[in-house]
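Enquirer: Just protein.txt, nothing more (compact mmCIF, C-alpha atoms):
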```txt
# COMPACT_ATOMS: atom_id res chain seq x y z
CA MET F 43 -0.70 49.16 98.97
CA MET F 44 0.46 48.16 95.53
CA ASP F 45 -2.29 47.42 93.04
CA LYS F 46 -2.58 43.99 91.48
CA ARG F 47 -0.07 43.57 88.70
CA SER F 48 -2.20 43.19 85.59
CA LYS F 49 0.74 42.87 83.24
CA ARG F 50 2.25 39.42 82.91
CA ARG F 51 5.87 38.72 81.95
CA ASN F 52 6.58 40.28 78.57
CA SER F 53 7.67 37.88 75.89
CA PHE F 54 11.37 37.20 76.32
CA ILE F 55 11.59 36.70 72.59
CA THR F 56 10.18 40.18 71.98
CA MET F 57 12.74 41.63 74.36
CA LEU F 58 15.57 39.85 72.59
CA VAL F 59 14.40 41.13 69.23
CA PHE F 60 14.14 44.65 70.64
CA MET F 61 17.66 44.49 72.03
CA ILE F 62 18.94 43.19 68.69
CA LEU F 63 17.29 46.06 66.84
CA LEU F 64 19.00 48.51 69.17
CA CYS F 65 22.33 47.01 68.11
CA LEU F 66 21.68 47.28 64.39
CA PRO F 67 24.13 49.53 62.57
CA THR F 68 21.32 51.93 61.63
CA ALA F 69 18.33 53.68 63.05
CA GLY F 70 16.55 53.87 59.73
CA THR F 71 14.59 56.75 58.29
CA ALA F 72 13.91 58.25 54.90
CA LEU F 73 17.14 59.18 53.14
CA ALA F 74 16.81 62.69 51.80
CA ASP F 75 19.13 63.94 49.07
CA ASP F 76 19.18 67.50 50.35
CA GLY F 77 20.49 68.97 53.56
CA PRO F 78 23.94 68.69 55.13
CA VAL F 79 25.67 65.33 55.16
CA ALA F 80 26.25 63.85 58.63
CA VAL F 81 28.06 60.66 57.56
CA ARG F 82 29.77 59.75 54.31
CA VAL F 83 31.63 56.53 53.65
CA GLY F 84 32.85 55.98 50.10
CA GLU F 85 29.87 56.33 47.77
CA VAL F 86 27.27 56.21 50.56
CA SER F 87 26.21 59.28 52.49
CA TYR F 88 23.53 59.95 55.09
CA PRO F 89 21.90 63.33 55.73
CA LEU F 90 21.66 65.16 59.03
CA SER F 91 17.95 64.27 59.24
CA LEU F 92 18.85 60.58 59.48
CA ALA F 93 21.59 61.13 62.04
CA GLN F 94 19.36 63.36 64.17
CA PHE F 95 16.61 60.73 64.13
CA ALA F 96 19.07 57.95 64.93
CA TYR F 97 20.39 59.94 67.88
CA GLN F 98 16.88 60.71 69.14
CA SER F 99 15.95 57.03 68.82
CA GLY F 100 18.89 56.22 71.09
CA ILE F 101 17.69 58.78 73.61
CA ASP F 102 14.16 57.35 73.51
CA ALA F 103 15.49 53.82 73.99
CA ALA F 104 17.63 54.86 76.97
CA VAL F 105 14.70 56.56 78.66
CA GLY F 106 12.51 53.55 77.92
CA LEU F 107 15.05 51.30 79.66
CA SER F 108 14.51 53.12 82.98
CA LEU F 109 17.14 55.85 82.62
CA GLU F 110 14.64 58.53 83.60
CA THR F 111 17.20 61.32 83.44
CA LEU F 112 20.20 61.46 81.12
CA THR F 113 23.49 63.15 81.92
CA ASP F 114 25.65 65.00 79.41
CA GLU F 115 27.93 61.96 79.48
CA ASP F 116 24.97 59.71 78.62
CA ARG F 117 24.07 61.92 75.66
CA GLN F 118 27.66 61.95 74.42
CA MET F 119 27.84 58.16 74.59
CA ILE F 120 24.60 57.89 72.62
CA LEU F 121 25.90 60.36 70.05
CA ASP F 122 29.17 58.44 69.66
CA SER F 123 27.23 55.19 69.29
CA THR F 124 24.91 56.77 66.73
CA MET F 125 27.75 57.99 64.54
CA GLU F 126 29.50 54.63 64.77
CA ARG F 127 26.32 52.72 63.83
CA LEU F 128 25.75 54.94 60.81
CA THR F 129 29.38 54.54 59.75
CA GLN F 130 29.05 50.77 60.02
CA ASN F 131 25.82 50.91 58.06
CA ALA F 132 27.49 52.83 55.25
CA LEU F 133 30.43 50.43 55.25
CA LEU F 134 28.00 47.54 54.89
CA GLU F 135 26.17 49.31 52.04
CA ASN F 136 29.42 49.90 50.17
CA ARG F 137 30.70 46.35 50.58
CA MET F 138 27.39 44.70 49.64
CA ARG F 139 27.14 46.87 46.53
CA GLU F 140 30.61 45.82 45.48
CA LYS F 141 29.67 42.17 45.98
CA GLY F 142 26.42 42.55 44.04
CA LYS F 143 24.37 41.75 47.14
CA ALA F 144 22.57 45.05 47.72
CA ASP F 145 19.59 44.55 45.42
CA PHE F 146 16.23 43.03 46.38
CA THR F 147 13.48 41.50 44.28
CA ASP F 148 9.95 42.92 44.32
CA ALA F 149 8.81 39.90 46.34
CA GLU F 150 11.55 40.40 48.93
CA GLN F 151 10.70 44.07 49.25
CA GLU F 152 7.03 43.27 49.66
CA ILE F 153 7.82 40.92 52.55
CA MET F 154 9.94 43.56 54.25
CA ARG F 155 7.23 46.17 53.64
CA SER F 156 4.64 43.93 55.28
CA MET F 157 6.93 43.33 58.25
CA ALA F 158 7.51 47.07 58.56
CA GLN F 159 3.79 47.76 58.53
CA SER F 160 3.21 45.22 61.30
CA ARG F 161 6.06 46.64 63.35
CA TYR F 162 4.75 50.18 62.91
CA GLU F 163 1.29 49.15 64.08
CA GLN F 164 2.81 47.41 67.10
CA LEU F 165 4.77 50.54 68.02
CA TRP F 166 1.71 52.72 67.42
CA GLN F 167 -0.49 50.60 69.67
CA GLY F 168 2.13 50.52 72.42
CA LEU F 169 2.51 54.30 72.38
CA TYR F 170 -1.24 54.86 72.23
CA GLN F 171 -1.90 52.60 75.21
CA LYS F 172 0.88 54.21 77.24
CA LEU F 173 -0.39 57.72 76.54
CA ARG F 174 -3.98 56.73 77.30
CA GLU F 175 -2.87 55.56 80.73
CA SER F 176 -1.79 59.10 81.56
CA SER F 177 -4.39 61.07 79.61
CA GLU F 178 -7.70 59.95 78.16
CA ASP F 179 -7.73 63.06 75.93
CA VAL F 180 -5.08 61.61 73.60
CA THR F 181 -6.49 60.95 70.12
CA GLU F 182 -5.38 58.45 67.50
CA LYS F 183 -4.60 61.33 65.15
CA GLN F 184 -2.26 62.92 67.70
CA VAL F 185 -0.36 59.64 68.12
CA SER F 186 0.06 59.23 64.36
CA GLU F 187 1.18 62.83 63.95
CA TRP F 188 3.73 62.51 66.75
CA MET F 189 5.20 59.30 65.33
CA ASN F 190 5.50 60.81 61.87
CA LYS F 191 7.08 63.98 63.26
CA GLN F 192 9.65 61.94 65.20
CA GLY F 193 10.45 59.83 62.14
CA TYR F 194 8.82 56.57 63.25
CA THR F 195 7.26 55.77 59.87
CA VAL F 196 6.67 52.61 57.89
CA ASP F 197 9.37 53.74 55.45
CA ALA F 198 11.84 54.18 58.32
CA ILE F 199 11.17 50.70 59.64
CA PHE F 200 11.28 49.26 56.12
CA ARG F 201 14.80 50.65 55.69
CA GLU F 202 15.72 49.16 59.05
CA TYR F 203 14.63 45.71 57.87
CA ARG F 204 16.52 46.25 54.59
CA ILE F 205 19.74 46.93 56.50
CA GLN F 206 19.07 43.91 58.68
CA GLU F 207 18.74 41.76 55.57
CA LEU F 208 22.01 43.15 54.20
CA GLN F 209 23.58 42.24 57.50
CA PHE F 210 22.33 38.65 57.26
CA ARG F 211 23.74 38.45 53.74
CA ALA F 212 27.08 39.61 55.13
CA PHE F 213 26.82 36.90 57.79
CA GLU F 214 26.46 34.30 55.04
CA MET F 215 29.50 35.65 53.22
CA TYR F 216 31.84 36.38 56.12
CA CYS F 217 30.54 34.81 59.34
CA LYS F 218 29.06 31.46 58.39
CA ASP F 219 31.78 29.57 60.24
CA VAL F 220 31.02 31.32 63.54
CA THR F 221 29.47 28.86 66.00
CA ILE F 222 28.70 28.96 69.70
CA THR F 223 28.61 26.41 72.52
CA THR F 224 26.15 25.91 75.35
CA LYS F 225 28.67 27.62 77.59
CA ASP F 226 28.78 30.60 75.23
CA VAL F 227 24.99 30.92 75.36
CA ALA F 228 24.97 30.81 79.15
CA ALA F 229 27.70 33.45 79.31
CA TYR F 230 25.82 35.64 76.84
CA TYR F 231 22.65 35.43 78.94
CA GLU F 232 24.52 36.20 82.14
CA ASN F 233 26.58 39.07 80.77
CA THR F 234 23.94 40.68 78.57
CA TYR F 235 20.76 40.29 80.60
CA VAL F 236 21.26 38.98 84.13
CA ALA F 237 24.42 40.74 85.31
CA PRO F 238 23.20 44.31 84.63
CA ASP F 239 19.98 43.69 86.57
CA ARG F 240 21.84 41.91 89.36
CA GLU F 241 24.23 44.83 89.74
CA ARG F 242 21.37 47.32 89.76
CA TYR F 243 18.85 45.56 92.00
CA GLU F 244 20.52 42.87 94.13
CA HIS F 245 21.11 45.18 97.09
CA ASP F 246 18.48 47.83 96.36
CA VAL F 247 14.94 46.55 96.84
CA PRO F 248 13.37 50.05 96.79
CA LEU F 249 14.96 50.72 93.38
CA TYR F 250 13.76 47.33 92.07
CA GLU F 251 10.24 48.12 93.16
CA LYS F 252 10.34 51.66 91.75
CA GLU F 253 11.63 50.63 88.33
CA ILE F 254 10.18 47.12 87.99
CA LEU F 255 7.19 46.30 90.19
CA LEU F 256 5.50 49.69 90.35
CA LYS F 257 5.89 50.20 86.59
CA ASN F 258 4.82 46.66 85.72
CA ASN F 259 8.18 46.08 84.05
CA GLU F 260 10.20 42.88 84.07
CA ALA F 261 13.76 42.20 85.17
CA PHE F 262 16.11 39.27 84.56
CA PHE F 263 17.12 39.26 88.21
CA VAL F 264 14.93 39.37 91.33
CA PRO F 265 16.53 40.22 94.70
CA GLU F 266 16.56 37.44 97.29
CA GLY F 267 13.92 37.52 100.00
CA TYR F 268 10.78 38.03 97.93
CA ARG F 269 7.66 36.09 98.77
CA TYR F 270 4.01 36.14 97.79
CA ILE F 271 1.35 37.36 100.19
CA LYS F 272 -2.42 37.46 100.11
CA HIS F 273 -4.75 39.27 102.45
CA ILE F 274 -8.32 39.62 103.56
CA LEU F 275 -9.36 43.27 103.71
CA LEU F 276 -12.28 44.24 105.94
CA ALA F 277 -13.84 47.67 105.51
CA TYR F 278 -14.21 49.94 108.51
CA PRO F 279 -17.73 50.21 109.98
CA ASP F 280 -19.59 53.34 108.91
CA ASP F 281 -19.86 54.69 112.44
CA LEU F 282 -16.09 54.43 112.89
CA MET F 283 -15.52 56.23 109.59
CA ASP F 284 -17.77 59.04 110.83
CA ALA F 285 -15.88 59.17 114.12
CA LEU F 286 -12.51 59.18 112.29
CA ARG F 287 -13.37 62.15 110.10
CA PRO F 288 -12.54 64.94 112.58
CA TYR F 289 -9.31 63.16 113.52
CA ALA F 290 -8.34 62.95 109.84
CA GLU F 291 -9.17 66.63 109.32
CA ARG F 292 -7.08 67.59 112.35
CA LEU F 293 -4.16 65.52 111.02
CA LYS F 294 -4.41 67.09 107.56
CA ALA F 295 -4.40 70.60 109.04
CA ALA F 296 -1.38 69.73 111.20
CA GLN F 297 0.48 68.36 108.19
CA GLU F 298 -0.20 71.52 106.20
CA LYS F 299 0.97 73.66 109.11
CA LEU F 300 4.14 71.58 109.38
CA GLN F 301 4.83 72.00 105.66
CA GLU F 302 4.41 75.76 105.94
CA ALA F 303 6.74 75.88 108.96
CA TYR F 304 9.33 73.86 107.08
CA GLN F 305 9.16 76.16 104.07
CA SER F 306 9.48 79.24 106.30
CA LEU F 307 12.52 77.70 108.00
CA ALA F 308 14.09 76.87 104.64
CA ASP F 309 13.47 80.39 103.31
CA ALA F 310 14.91 81.96 106.46
CA ALA F 311 18.02 79.79 106.24
CA THR F 312 18.92 81.49 102.95
CA GLN F 313 18.70 84.96 104.50
CA VAL F 314 20.20 84.90 108.02
CA ALA F 315 23.89 85.27 108.72
CA GLU F 316 24.13 83.07 111.82
CA MET F 317 22.47 79.79 112.71
CA ASN F 318 21.30 81.26 116.02
CA ASP F 319 19.21 83.75 114.05
CA LEU F 320 17.07 80.81 112.88
CA LEU F 321 15.84 80.05 116.41
CA PRO F 322 12.33 81.59 116.01
CA TRP F 323 11.65 79.64 112.82
CA ARG F 324 13.15 76.48 114.30
CA GLU F 325 10.92 76.74 117.36
CA ALA F 326 7.88 77.24 115.13
CA TYR F 327 8.85 74.17 113.12
CA ASP F 328 9.38 72.05 116.27
CA GLU F 329 6.00 73.14 117.60
CA ALA F 330 4.30 72.26 114.31
CA LYS F 331 6.08 68.90 114.25
CA ALA F 332 4.92 68.06 117.78
CA GLU F 333 1.37 69.02 116.83
CA GLU F 334 1.50 66.85 113.73
CA THR F 335 2.89 63.90 115.72
CA GLY F 336 0.13 64.25 118.30
CA ALA F 337 -2.57 64.50 115.66
CA GLU F 338 -1.24 61.41 113.88
CA GLN F 339 -1.14 59.36 117.07
CA ALA F 340 -4.68 60.42 117.98
CA TYR F 341 -5.86 59.35 114.52
CA LEU F 342 -4.08 56.00 114.78
CA ASP F 343 -5.43 55.36 118.27
CA LYS F 344 -8.97 56.04 117.08
CA ARG F 345 -8.45 53.81 114.05
CA GLU F 346 -7.28 50.97 116.27
CA GLU F 347 -10.78 50.82 117.77
CA ALA F 348 -11.80 49.01 114.60
CA LEU F 349 -9.80 45.98 115.75
CA ASP F 350 -12.15 45.51 118.68
CA MET F 351 -15.25 46.34 116.65
CA LEU F 352 -14.38 43.70 114.01
CA LYS F 353 -12.91 41.15 116.41
CA PRO F 354 -15.80 38.68 116.08
CA VAL F 355 -15.25 38.60 112.31
CA THR F 356 -11.44 38.37 112.45
CA ASP F 357 -11.64 35.66 115.13
CA GLU F 358 -13.96 33.63 112.90
CA ILE F 359 -11.63 34.00 109.90
CA ILE F 360 -8.58 32.88 111.89
CA ARG F 361 -10.46 30.00 113.52
CA ARG F 362 -11.77 28.66 110.20
CA TYR F 363 -8.34 28.99 108.57
CA GLN F 364 -6.67 27.13 111.41
CA ALA F 365 -9.32 24.44 111.02
CA GLY F 366 -8.16 23.87 107.45
CA GLU F 367 -10.40 26.05 105.32
CA PRO F 368 -8.54 27.40 102.23
CA PHE F 369 -7.57 31.03 102.57
CA GLU F 370 -8.92 31.79 99.09
CA ASN F 371 -12.39 30.63 100.16
CA LEU F 372 -12.27 33.00 103.11
CA MET F 373 -11.05 35.80 100.83
CA LYS F 374 -14.07 35.34 98.57
CA GLU F 375 -16.43 35.39 101.54
CA PHE F 376 -15.00 38.28 103.57
CA SER F 377 -12.51 40.41 101.61
CA THR F 378 -13.36 43.66 99.86
CA ASP F 379 -10.11 43.28 97.85
CA LYS F 380 -10.87 40.89 94.99
CA ASN F 381 -7.24 40.41 93.87
CA PHE F 382 -5.63 36.95 93.88
CA GLN F 383 -8.69 35.08 95.16
CA SER F 384 -7.91 32.06 92.98
CA PRO F 385 -5.50 29.37 94.25
CA GLU F 386 -3.76 29.57 90.85
CA GLU F 387 -2.84 33.22 91.42
CA PRO F 388 0.35 33.58 93.47
CA GLY F 389 -0.34 36.86 95.29
CA PHE F 390 1.36 40.22 95.81
CA PRO F 391 5.19 40.23 95.55
CA PHE F 392 6.45 41.34 98.97
CA HIS F 393 9.87 42.00 100.46
CA PRO F 394 10.60 42.94 104.09
CA GLU F 395 12.78 45.82 102.84
CA SER F 396 10.03 47.26 100.68
CA THR F 397 9.12 50.93 101.15
CA ASN F 398 5.87 50.76 99.18
CA TRP F 399 3.56 49.37 101.83
CA PRO F 400 1.95 51.06 104.85
CA GLU F 401 4.38 50.55 107.72
CA ALA F 402 1.93 48.63 109.92
CA PHE F 403 1.10 46.29 107.02
CA ARG F 404 4.77 45.86 106.05
CA ALA F 405 5.80 45.05 109.62
CA ALA F 406 3.03 42.47 110.03
CA ALA F 407 3.84 40.79 106.71
CA ALA F 408 7.58 40.78 107.46
CA GLU F 409 7.02 38.86 110.70
CA LEU F 410 5.52 35.87 108.87
CA GLU F 411 8.16 33.14 108.80
CA LYS F 412 6.97 30.43 106.43
CA PRO F 413 4.33 29.69 103.78
CA GLY F 414 0.92 29.28 105.35
CA ASP F 415 1.56 31.62 108.29
CA LEU F 416 -1.19 34.11 109.09
CA SER F 417 -0.82 37.52 110.68
CA GLN F 418 -2.91 38.98 113.43
CA PRO F 419 -5.37 41.68 112.25
CA VAL F 420 -3.62 44.94 111.38
CA ALA F 421 -5.15 48.36 110.69
CA THR F 422 -4.21 50.68 107.81
CA ASP F 423 -6.01 53.55 106.10
CA THR F 424 -7.81 51.12 103.80
CA GLY F 425 -9.21 48.84 106.51
CA ILE F 426 -8.35 45.81 108.63
CA HIS F 427 -6.03 43.22 107.06
CA ILE F 428 -5.33 39.58 107.80
CA ILE F 429 -2.21 38.65 105.83
CA GLN F 430 -1.18 35.21 104.61
CA TYR F 431 2.35 34.14 103.61
CA ALA F 432 1.13 32.54 100.38
CA GLY F 433 4.42 31.12 99.11
CA ASP F 434 7.98 31.80 98.08
CA MET F 435 8.77 33.77 94.95
CA ALA F 436 11.41 32.63 92.49
CA THR F 437 14.37 34.93 92.98
CA GLY F 438 17.80 35.32 91.44
CA ALA F 439 18.23 34.98 87.67
CA HIS F 440 15.09 34.46 85.61
CA ALA F 441 14.78 30.78 84.62
CA LEU F 442 14.26 30.47 80.89
CA THR F 443 11.47 28.48 79.31
CA ASP F 444 12.26 26.19 76.36
CA GLU F 445 10.97 28.84 73.95
CA GLU F 446 13.02 31.55 75.64
CA GLN F 447 16.11 29.33 75.57
CA LYS F 448 15.73 28.80 71.83
CA ALA F 449 15.35 32.55 71.28
CA LEU F 450 18.39 33.19 73.46
CA GLU F 451 20.50 30.75 71.45
CA GLU F 452 19.52 32.55 68.25
CA ALA F 453 20.34 35.92 69.81
CA ALA F 454 23.70 34.68 71.11
CA LEU F 455 24.66 33.35 67.68
CA TYR F 456 23.55 36.63 66.12
CA ALA F 457 25.70 38.57 68.61
CA ALA F 458 28.74 36.37 67.90
CA ARG F 459 28.40 36.87 64.16
CA LEU F 460 27.82 40.58 64.65
CA ASP F 461 31.06 40.78 66.63
CA ARG F 462 32.88 39.10 63.74
CA LEU F 463 31.27 41.49 61.27
CA HIS F 464 32.21 44.53 63.36
CA THR F 465 35.80 43.30 63.48
CA LEU F 466 35.80 43.03 59.69
CA MET F 467 34.31 46.49 59.40
CA GLU F 468 37.27 47.93 61.25
CA THR F 469 39.52 46.62 58.50
CA TRP F 470 37.10 47.84 55.79
CA LYS F 471 37.46 51.40 57.08
CA GLN F 472 40.91 51.48 55.48
CA ASP F 473 39.32 51.01 52.03
CA TYR F 474 37.06 54.06 52.08
CA GLU F 475 37.19 57.76 52.72
CA ILE F 476 35.11 58.39 55.86
CA GLU F 477 33.59 61.72 56.86
CA THR F 478 31.45 62.29 59.99
CA HIS F 479 29.96 65.46 61.46
CA PRO F 480 28.67 64.77 64.99
CA GLU F 481 28.84 68.52 65.72
CA LEU F 482 25.72 68.98 63.59
CA ILE F 483 23.57 66.87 65.93
CA VAL F 484 21.37 68.77 68.36
CA LEU F 485 21.95 67.12 71.76
CA LYS F 486 18.48 67.36 73.26
```
Show the structure stored in the file as structure tokens.

Expert:
Amino acid sequence: MMDKRSKRRNSFITMLVFMILLCLPTAGTALADDGPVAVRVGEVSYPLSLAQFAYQSGIDAAVGLSLETLTDEDRQMILDSTMERLTQNALLENRMREKGKADFTDAEQEIMRSMAQSRYEQLWQGLYQKLRESSEDVTEKQVSEWMNKQGYTVDAIFREYRIQELQFRAFEMYCKDVTITTKDVAAYYENTYVAPDRERYEHDVPLYEKEILLKNNEAFFVPEGYRYIKHILLAYPDDLMDALRPYAERLKAAQEKLQEAYQSLADAATQVAEMNDLLPWREAYDEAKAEETGAEQAYLDKREEALDMLKPVTDEIIRRYQAGEPFENLMKEFSTDKNFQSPEEPGFPFHPESTNWPEAFRAAAAELEKPGDLSQPVATDTGIHIIQYAGDMATGAHALTDEEQKALEEAALYAARLDRLHTLMETWKQDYEIETHPELIVLK
């Protein structure tokens, strides 16, 4: 069964800012004077170290956005995007210098430095917490060393904020007349955030649960059919657990034998010339499969005895619920699972097409038709469950709060002005000699 989701919805504003930063025409790192040049536009040039870091940042971002494996095509697209962003960045630097808008006062630099320090600490904490979830041996020193090695430094982020400020100055000069309507904002939200998630998850509940629910991530679209469920979990009596042990051991041995038979069959299939030659290994596999099926059924039959043993308790729970007692009160009194015992907590997200629940539990929960319905007791490896259909879950596109709507409007206006700026940059390219060397980037 899925654990209680401890992570609440991430700030939509933070996500918008993150997506904006990914679109900035730079990745930002220390600009070294030595080493081969990867991008040169007019009087501005960027070294290979910057381009390599920018490319790697794109790879890290793609993996962080659920692309667990990247194809060669993915890497090429990220490389092309990296070189284009750096070219745009250099174009911006050249034009702002010519307009006398590339200098910053000490006070302005101090503000950006402070922002960069805060952003670095936020990134550091996020990485540290993520690594600690997988290994408690990770030290703070190791995290700092890794970030510095990868180029995620305060100086790098400072330069990122500097480029962002140059961009805003360009907005004032060239894009101040760009405005957007309510319809534009809605279209931006749909096209940028909702549509990609709808396309990915609308007809693939297992994928949604793998990438979103099980990883405590958030999506801008939830497939139809989700509901909230709560349950009362009763532990098996000790004497039944003792009686189940030999059945569980028999099942484990049968499963191991089946796995060995499968591997032997697979190995033989690579060596024989004719399918008929596989008959001995196939017969051994079929025999092991029948043994495993029998052992599993014997285990399940023995486990079902708990339903009778705990019937007085389950009958009392159902009777009191039907008499009007709140389910949460009964959860607090009887359940060994302490999740969602408050009426203010919605419950576990559940979908009938989910593949992340024990089959007996999933089938029982799927049969519930409306909020308030209660299942009959059902047995799983963790105990006896009585499941409640706690309520319907908001599905479809994520409904924005007032704060999120305001952030979205700002992001949509930013995107519109950025589009105008990019269009202008295409014309600026004619004014400068441009040199790029993507072949120097190591595509890892």

Enquirer: Would you give me, as a Markdown table, each residue of range 96-188 of chain F having an atom within 12 Å of an atom of range 452-473 of chain F, along with its shortest atom pair and that distance in Å to one decimal, using all atoms listed in the file and sorting by chain and residue number?

Expert:
```
| residue | atom | partner | partner_atom | distance |
| --- | --- | --- | --- | --- |
| F:Glu126 | CA | F:His464 | CA | 10.6 |
| F:Arg127 | CA | F:His464 | CA | 10.1 |
| F:Thr129 | CA | F:Lys471 | CA | 9.1 |
| F:Gln130 | CA | F:Met467 | CA | 6.8 |
| F:Asn131 | CA | F:Met467 | CA | 9.7 |
| F:Ala132 | CA | F:Met467 | CA | 10.2 |
| F:Leu133 | CA | F:Met467 | CA | 6.9 |
| F:Leu134 | CA | F:Met467 | CA | 7.8 |
| F:Glu135 | CA | F:Met467 | CA | 11.3 |
| F:Asn136 | CA | F:Trp470 | CA | 9.7 |
| F:Arg137 | CA | F:Trp470 | CA | 8.4 |
| F:Met138 | CA | F:Trp470 | CA | 11.9 |
```

Enquirer: So the first atom is CA of Ala432 in chain F and the second is CA of Pro388 in chain F; what is the distance between them in Å, to one decimal place?

Expert: 7.0 Å

Enquirer: Given the point (-2.4, 40.3, 95.1) in the coordinates of this file, which residues lie within 12 Å, counting only C-alpha atoms, and how would they look as a PyMOL selection string?

Expert: chain F and resi 43-48+269-275+370+373+379-392+429-432

Enquirer: Name all residues at most 12 Å from range 165-169 of chain F (count all atoms listed in the file; drop same-chain ones fewer than 2 positions away) and give them as a ChimeraX atom specification.

Expert: /F:60,106,158-163,171-176,180-190,194-196,199

Enquirer: Find the residues around Ala421 in chain F up to 9 Å (only C-alpha atoms counted), leave out those fewer than 6 positions away in its own chain, and share them as an MDAnalysis selection string.

Expert: chainID F and resid 342 345:346 348:349 402:403 427

Enquirer: Identify which of the residues F:Met157, F:Met125, F:Ala340, F:Ile426 lies closest to Arg201 in chain F, counting all atoms listed in the file when measuring atom-to-atom distances.

Expert: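 Result for the nearest residue to Arg201 in chain F: F:Met157.
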
Enquirer: For Leu482 in chain F, work out the shell of residues within 10 Å, counting all atoms listed in the file and skipping chain neighbours fewer than 5 positions away, then give it as a list in words.

Expert: Pro78, Val79, Ala80, Leu90, Ala93 and Gln94 of chain F

Enquirer: Taking only C-alpha atoms into account, name the residue in F:Glu334, F:Asp114, F:Glu358, F:Glu395 that is nearest to Ile428 in chain F.

Expert: F:Glu358

Enquirer: Could you check the closest approach to Arg287 in chain F for each of F:Asp179, F:Lys344, F:Gly414, F:Asn259 and tell me which residue wins, using only C-alpha atoms?

Expert: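 Between F:Asp179, F:Lys344, F:Gly414, F:Asn259, the residue approaching Arg287 in chain F most closely is F:Lys344.
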
Enquirer: Have a look at CA of Asn318 in chain F and CA of Tyr304 in chain F and let me know their distance in Å, one decimal.

Expert: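 Calculated distance between CA of Asn318 in chain F and CA of Tyr304 in chain F is 16.7 Å.
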
Enquirer: If I take CA of Gly100 in chain F and CA of Ser177 in chain F, how far is one from the other in Å, to one decimal?

Expert: 25.3 Å

Enquirer: Between F:Ala237, F:Leu249, F:Leu92, F:Leu128, which one has atoms that come closest to Thr397 in chain F, using all atoms listed in the file?

Expert: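 The shortest atom-to-atom distance to Thr397 in chain F comes from F:Leu249.
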
Enquirer: Return the padded bounding box of range 432-446 of chain F as AutoDock Vina command-line options: axis-aligned, built from all atoms listed in the file, 5 Å added on each side, with centre and edge lengths in Å to one decimal.

Expert:
```
--center_x 9.7 --center_y 30.8 --center_z 87.2 --size_x 27.1 --size_y 19.1 --size_z 36.4
```

Enquirer: Select from range 148-171 of chain F every residue with an atom at most 10 Å from any atom of range 204-213 of chain F, then for each give the shortest pair of atoms and their distance in Å to one decimal, using all atoms listed in the file, rows by chain and rising number, as a tab-separated table.

Expert:
```
residue	atom	partner	partner_atom	distance
F:Glu150	CA	F:Arg204	CA	9.5
F:Gln151	CA	F:Arg204	CA	8.2
F:Met154	CA	F:Arg204	CA	7.1
F:Arg155	CA	F:Arg204	CA	9.3
F:Ala158	CA	F:Arg204	CA	9.9
```

Enquirer: Show me, as a list in words, the residues that have an atom within 10 Å of Pro265 in chain F when counting all atoms listed in the file, minus same-chain residues fewer than 5 positions from it.

Expert: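 Once the nearby chain positions are removed, what remains is Asp239, Arg240, Arg242, Tyr243, Glu244, His245, Asp246, Val247, Tyr250, His393, Ala436, Thr437, Gly438 and Ala439 of chain F.
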
Enquirer: Using only C-alpha atoms, pick whichever of F:Asp116, F:Glu253, F:Glu85, F:Glu375 has the shortest atom-to-atom distance to Leu485 in chain F.

Expert: F:Asp116

Enquirer: Name the closest residue to Tyr363 in chain F among the candidates F:Asp415, F:Glu451, F:Asp319, F:Asp343; distances are taken between atoms, counting all atoms listed in the file.

Expert: F:Asp415
